[in-house]
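Engineer: What follows is the file protein-v5.tsv, containing TSV, C-alpha atoms:
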```tsv
chain	number	residue	atom	x	y	z
A	1	MET	CA	81.81	133.77	104.03
A	2	ASP	CA	80.65	137.05	105.52
A	3	GLY	CA	84.07	138.31	106.63
A	4	ARG	CA	84.27	136.19	109.77
A	5	THR	CA	87.21	133.89	110.19
A	6	ALA	CA	86.62	130.21	110.63
A	7	SER	CA	87.43	128.97	114.10
A	8	GLU	CA	88.41	125.58	115.34
A	9	PRO	CA	85.47	123.30	116.02
A	10	LYS	CA	84.53	122.86	119.66
A	11	LEU	CA	85.49	119.57	121.24
A	12	LEU	CA	82.67	117.22	122.14
A	13	ILE	CA	84.71	116.18	125.18
A	14	PRO	CA	86.38	119.44	126.32
A	15	TRP	CA	88.62	117.83	128.93
A	16	LEU	CA	90.59	116.18	126.06
A	17	SER	CA	91.96	119.54	124.95
A	18	GLY	CA	95.05	119.21	127.18
A	19	PHE	CA	95.83	115.81	125.67
A	20	TYR	CA	95.40	117.09	122.11
A	21	THR	CA	97.63	120.07	122.83
A	22	ALA	CA	100.31	117.81	124.34
A	23	VAL	CA	100.43	115.45	121.34
A	24	SER	CA	99.76	117.91	118.52
A	25	ASP	CA	103.39	117.85	117.29
A	26	LEU	CA	103.57	114.06	117.12
A	27	TRP	CA	101.52	113.48	113.95
A	28	TYR	CA	104.30	114.38	111.53
A	29	PRO	CA	107.13	112.31	113.02
A	30	MET	CA	104.68	109.37	113.20
A	31	ILE	CA	103.97	109.65	109.47
A	32	ARG	CA	107.67	109.97	108.68
A	33	LEU	CA	108.56	107.01	110.89
A	34	VAL	CA	105.85	104.74	109.51
A	35	ALA	CA	106.46	105.66	105.86
A	36	GLY	CA	110.20	105.17	106.22
A	37	GLY	CA	109.79	102.00	108.26
A	38	PHE	CA	107.38	100.36	105.81
A	39	LEU	CA	109.61	101.19	102.87
A	40	PHE	CA	112.67	99.91	104.73
A	41	TYR	CA	110.92	96.56	105.20
A	42	HIS	CA	110.58	96.23	101.41
A	43	GLY	CA	114.11	97.50	100.80
A	44	TRP	CA	115.57	95.04	103.29
A	45	GLY	CA	114.00	92.16	101.35
A	46	LYS	CA	115.55	93.50	98.15
A	47	LEU	CA	118.93	93.94	99.84
A	48	MET	CA	118.87	90.37	101.15
A	49	SER	CA	117.84	88.90	97.79
A	50	GLY	CA	120.60	90.77	95.96
A	51	VAL	CA	120.87	93.05	92.97
A	52	ALA	CA	120.24	90.39	90.30
A	53	PRO	CA	116.55	89.68	91.12
A	54	VAL	CA	115.81	93.39	91.58
A	55	ALA	CA	117.48	94.16	88.25
A	56	ALA	CA	115.53	91.34	86.58
A	57	GLY	CA	112.28	92.78	87.91
A	58	LEU	CA	113.16	96.22	86.58
A	59	ALA	CA	114.11	94.75	83.18
A	60	LYS	CA	110.74	92.95	83.06
A	61	TYR	CA	109.06	96.38	83.23
A	62	HIS	CA	111.46	97.87	80.63
A	63	ILE	CA	113.25	100.10	83.13
A	64	GLU	CA	116.74	100.59	81.74
A	65	PRO	CA	119.57	100.50	82.56
A	66	HIS	CA	118.19	97.94	84.97
A	67	VAL	CA	121.37	97.04	86.93
A	68	PRO	CA	122.30	100.61	87.97
A	69	ALA	CA	118.61	101.28	88.63
A	70	ALA	CA	118.50	98.23	90.93
A	71	TYR	CA	121.36	99.66	93.02
A	72	ILE	CA	119.51	102.99	93.25
A	73	VAL	CA	116.26	101.28	94.28
A	74	ILE	CA	117.98	99.21	96.96
A	75	PHE	CA	119.86	102.27	98.26
A	76	LEU	CA	116.72	104.44	98.39
A	77	GLU	CA	114.60	101.72	100.01
A	78	THR	CA	117.18	100.95	102.72
A	79	VAL	CA	119.44	103.92	103.48
A	80	GLY	CA	116.91	106.44	102.17
A	81	ALA	CA	114.01	104.87	104.03
A	82	LEU	CA	115.96	104.85	107.31
A	83	CYS	CA	116.93	108.48	106.78
A	84	VAL	CA	113.30	109.46	106.17
A	85	ALA	CA	112.22	107.58	109.30
A	86	LEU	CA	114.90	109.32	111.38
A	87	GLY	CA	114.47	112.68	109.67
A	88	LEU	CA	118.04	112.87	108.34
A	89	PHE	CA	118.56	114.51	104.93
A	90	THR	CA	114.81	114.10	104.78
A	91	ARG	CA	114.01	116.27	101.77
A	92	PHE	CA	116.72	114.69	99.62
A	93	PHE	CA	115.72	111.10	100.30
A	94	ALA	CA	111.97	111.66	100.32
A	95	ALA	CA	112.21	113.41	96.93
A	96	GLY	CA	114.30	110.54	95.54
A	97	ILE	CA	111.81	107.98	96.80
A	98	ALA	CA	108.89	110.02	95.39
A	99	ILE	CA	110.61	109.98	91.99
A	100	GLU	CA	111.16	106.22	92.30
A	101	MET	CA	107.47	105.70	93.11
A	102	ALA	CA	106.45	107.88	90.14
A	103	VAL	CA	108.61	105.79	87.80
A	104	ILE	CA	107.13	102.57	89.17
A	105	ALA	CA	103.59	103.94	88.92
A	106	PHE	CA	103.77	105.55	85.49
A	107	VAL	CA	106.34	103.42	83.67
A	108	ALA	CA	105.93	99.95	85.17
A	109	LYS	CA	102.37	99.81	86.46
A	110	LEU	CA	100.29	102.21	84.32
A	111	PRO	CA	99.99	99.72	81.44
A	112	LEU	CA	98.53	97.21	83.92
A	113	GLY	CA	95.76	99.58	85.08
A	114	PHE	CA	95.02	101.89	87.96
A	115	ALA	CA	94.64	99.10	90.52
A	116	GLN	CA	98.27	98.14	89.95
A	117	MET	CA	99.60	101.68	90.33
A	118	GLU	CA	97.48	103.14	93.12
A	119	MET	CA	99.74	101.99	95.98
A	120	PHE	CA	102.78	103.56	94.32
A	121	LEU	CA	100.86	106.79	93.72
A	122	LEU	CA	99.86	106.87	97.38
A	123	TRP	CA	103.38	106.28	98.71
A	124	GLY	CA	104.86	108.63	96.13
A	125	THR	CA	102.47	111.36	97.24
A	126	VAL	CA	103.29	110.74	100.91
A	127	MET	CA	107.01	110.94	100.17
A	128	PHE	CA	106.52	114.07	98.05
A	129	ALA	CA	104.67	115.69	100.97
A	130	ILE	CA	107.50	114.68	103.32
A	131	ALA	CA	110.00	116.18	100.87
A	132	LEU	CA	108.05	119.44	100.89
A	133	ARG	CA	107.84	119.53	104.70
A	134	GLY	CA	111.37	118.36	105.50
A	135	GLY	CA	112.37	116.71	108.75
A	136	GLY	CA	110.09	118.75	110.95
A	137	PRO	CA	110.06	118.49	114.73
A	138	TYR	CA	111.75	115.51	116.34
A	139	SER	CA	114.12	114.89	113.43
A	140	LEU	CA	117.87	114.56	113.11
A	141	ASP	CA	117.74	117.42	110.60
A	142	ARG	CA	116.37	119.62	113.39
A	143	LEU	CA	118.93	118.29	115.86
A	144	ILE	CA	121.89	119.13	113.64
A	145	GLY	CA	120.31	122.40	112.53
A	146	LYS	CA	120.79	121.75	108.82
A	147	GLU	CA	118.33	120.87	106.09
A	148	LEU	CA	118.36	120.82	102.30
```
Transcribe the structure of this file into structure tokens.

Structural biologist:
Amino acid sequence: MDGRTASEPKLLIPWLSGFYTAVSDLWYPMIRLVAGGFLFYHGWGKLMSGVAPVAAGLAKYHIEPHVPAAYIVIFLETVGALCVALGLFTRFFAAGIAIEMAVIAFVAKLPLGFAQMEMFLLWGTVMFAIALRGGGPYSLDRLIGKEL
């Protein structure tokens, strides 16, 4: 560049600027809510099926000790997912979930090929980004004024 600073692009429809300004803080809580909500859906299924099938699935992929790991997975995908969605202890739970997704991707799914691990890489990256950002606006972390 020639020393000039880059500016925001001009809107094709200028009268939308008020709308964009009004909703500009909503993108992050939406991502947090959707990521936590989707993961909770999967965690709820694991919670309802019980520890034994989750542990058996982990053992199948050589993740040991599989029974304690199953409890951790169920906890992260239910309590942790709800906390991420609500923005409570966000960094702690999002980091834990990112680690879980990395283990699934690189330990369980890598031997099966990239197509089997890409979803876990995506969700792990999203959770890692949430862990870096924290609860952000419209979170319970912000409401209580405390964050890890």

Engineer: A:Ala95, A:Val34, A:Met101, A:Leu86: which is nearest A:Leu148, counting only C-alpha atoms?

Structural biologist: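 Of the candidates, the smallest distance to A:Leu148 is held by A:Ala95.
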
Engineer: Here is a test: counting only C-alpha atoms, which residue of A:Phe40, A:Tyr61, A:Phe92, A:Phe19 is nearest to A:Leu110?

Structural biologist: A:Tyr61

Engineer: Is there a way to get, as a ChimeraX atom specification, all residues within 9 Å of the point (114.8, 102.4, 98.7) in file coordinates, counting only C-alpha atoms?

Structural biologist: /A:39-40,42-44,46,72-81,93,96-97,100

Engineer: Can those selected residues be exported to a file as a PDB file, in the coordinates of the input so that it contains C-alpha atoms?

Structural biologist:
```pdb
ATOM      1  CA  LEU A  39     109.610 101.190 102.870  1.00  0.00           C
ATOM      2  CA  PHE A  40     112.670  99.910 104.730  1.00  0.00           C
ATOM      3  CA  HIS A  42     110.580  96.230 101.410  1.00  0.00           C
ATOM      4  CA  GLY A  43     114.110  97.500 100.800  1.00  0.00           C
ATOM      5  CA  TRP A  44     115.570  95.040 103.290  1.00  0.00           C
ATOM      6  CA  LYS A  46     115.550  93.500  98.150  1.00  0.00           C
ATOM      7  CA  ILE A  72     119.510 102.990  93.250  1.00  0.00           C
ATOM      8  CA  VAL A  73     116.260 101.280  94.280  1.00  0.00           C
ATOM      9  CA  ILE A  74     117.980  99.210  96.960  1.00  0.00           C
ATOM     10  CA  PHE A  75     119.860 102.270  98.260  1.00  0.00           C
ATOM     11  CA  LEU A  76     116.720 104.440  98.390  1.00  0.00           C
ATOM     12  CA  GLU A  77     114.600 101.720 100.010  1.00  0.00           C
ATOM     13  CA  THR A  78     117.180 100.950 102.720  1.00  0.00           C
ATOM     14  CA  VAL A  79     119.440 103.920 103.480  1.00  0.00           C
ATOM     15  CA  GLY A  80     116.910 106.440 102.170  1.00  0.00           C
ATOM     16  CA  ALA A  81     114.010 104.870 104.030  1.00  0.00           C
ATOM     17  CA  PHE A  93     115.720 111.100 100.300  1.00  0.00           C
ATOM     18  CA  GLY A  96     114.300 110.540  95.540  1.00  0.00           C
ATOM     19  CA  ILE A  97     111.810 107.980  96.800  1.00  0.00           C
ATOM     20  CA  GLU A 100     111.160 106.220  92.300  1.00  0.00           C
TER      21      GLU A 100
END
```

Engineer: Near stretch 119-123 of chain A, counting all atoms listed in the file, which residues have an atom at most 9 Å away, once you skip same-chain residues fewer than 4 positions from it, shown as a PDB file with C-alpha atoms, keeping the file's coordinate frame?

Structural biologist:
```pdb
ATOM      1  CA  ALA A  35     106.460 105.660 105.860  1.00  0.00           C
ATOM      2  CA  ILE A  97     111.810 107.980  96.800  1.00  0.00           C
ATOM      3  CA  ALA A  98     108.890 110.020  95.390  1.00  0.00           C
ATOM      4  CA  MET A 101     107.470 105.700  93.110  1.00  0.00           C
ATOM      5  CA  ALA A 102     106.450 107.880  90.140  1.00  0.00           C
ATOM      6  CA  ILE A 104     107.130 102.570  89.170  1.00  0.00           C
ATOM      7  CA  ALA A 105     103.590 103.940  88.920  1.00  0.00           C
ATOM      8  CA  PHE A 106     103.770 105.550  85.490  1.00  0.00           C
ATOM      9  CA  LYS A 109     102.370  99.810  86.460  1.00  0.00           C
ATOM     10  CA  ALA A 115      94.640  99.100  90.520  1.00  0.00           C
ATOM     11  CA  MET A 127     107.010 110.940 100.170  1.00  0.00           C
ATOM     12  CA  PHE A 128     106.520 114.070  98.050  1.00  0.00           C
TER      13      PHE A 128
END
```

Engineer: So which one's closest to A:Ile31, A:Val107, A:Gly18, A:Gly87, A:Arg142? Using all atoms listed in the file, please.

Structural biologist: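 Nearest candidate to A:Ile31 out of A:Val107, A:Gly18, A:Gly87, A:Arg142: A:Gly87.
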
Engineer: Calculate how many Å separate atom CA of A:Lys146 from atom CA of A:Ile130, rounding to one decimal.

Structural biologist: 16.0 Å
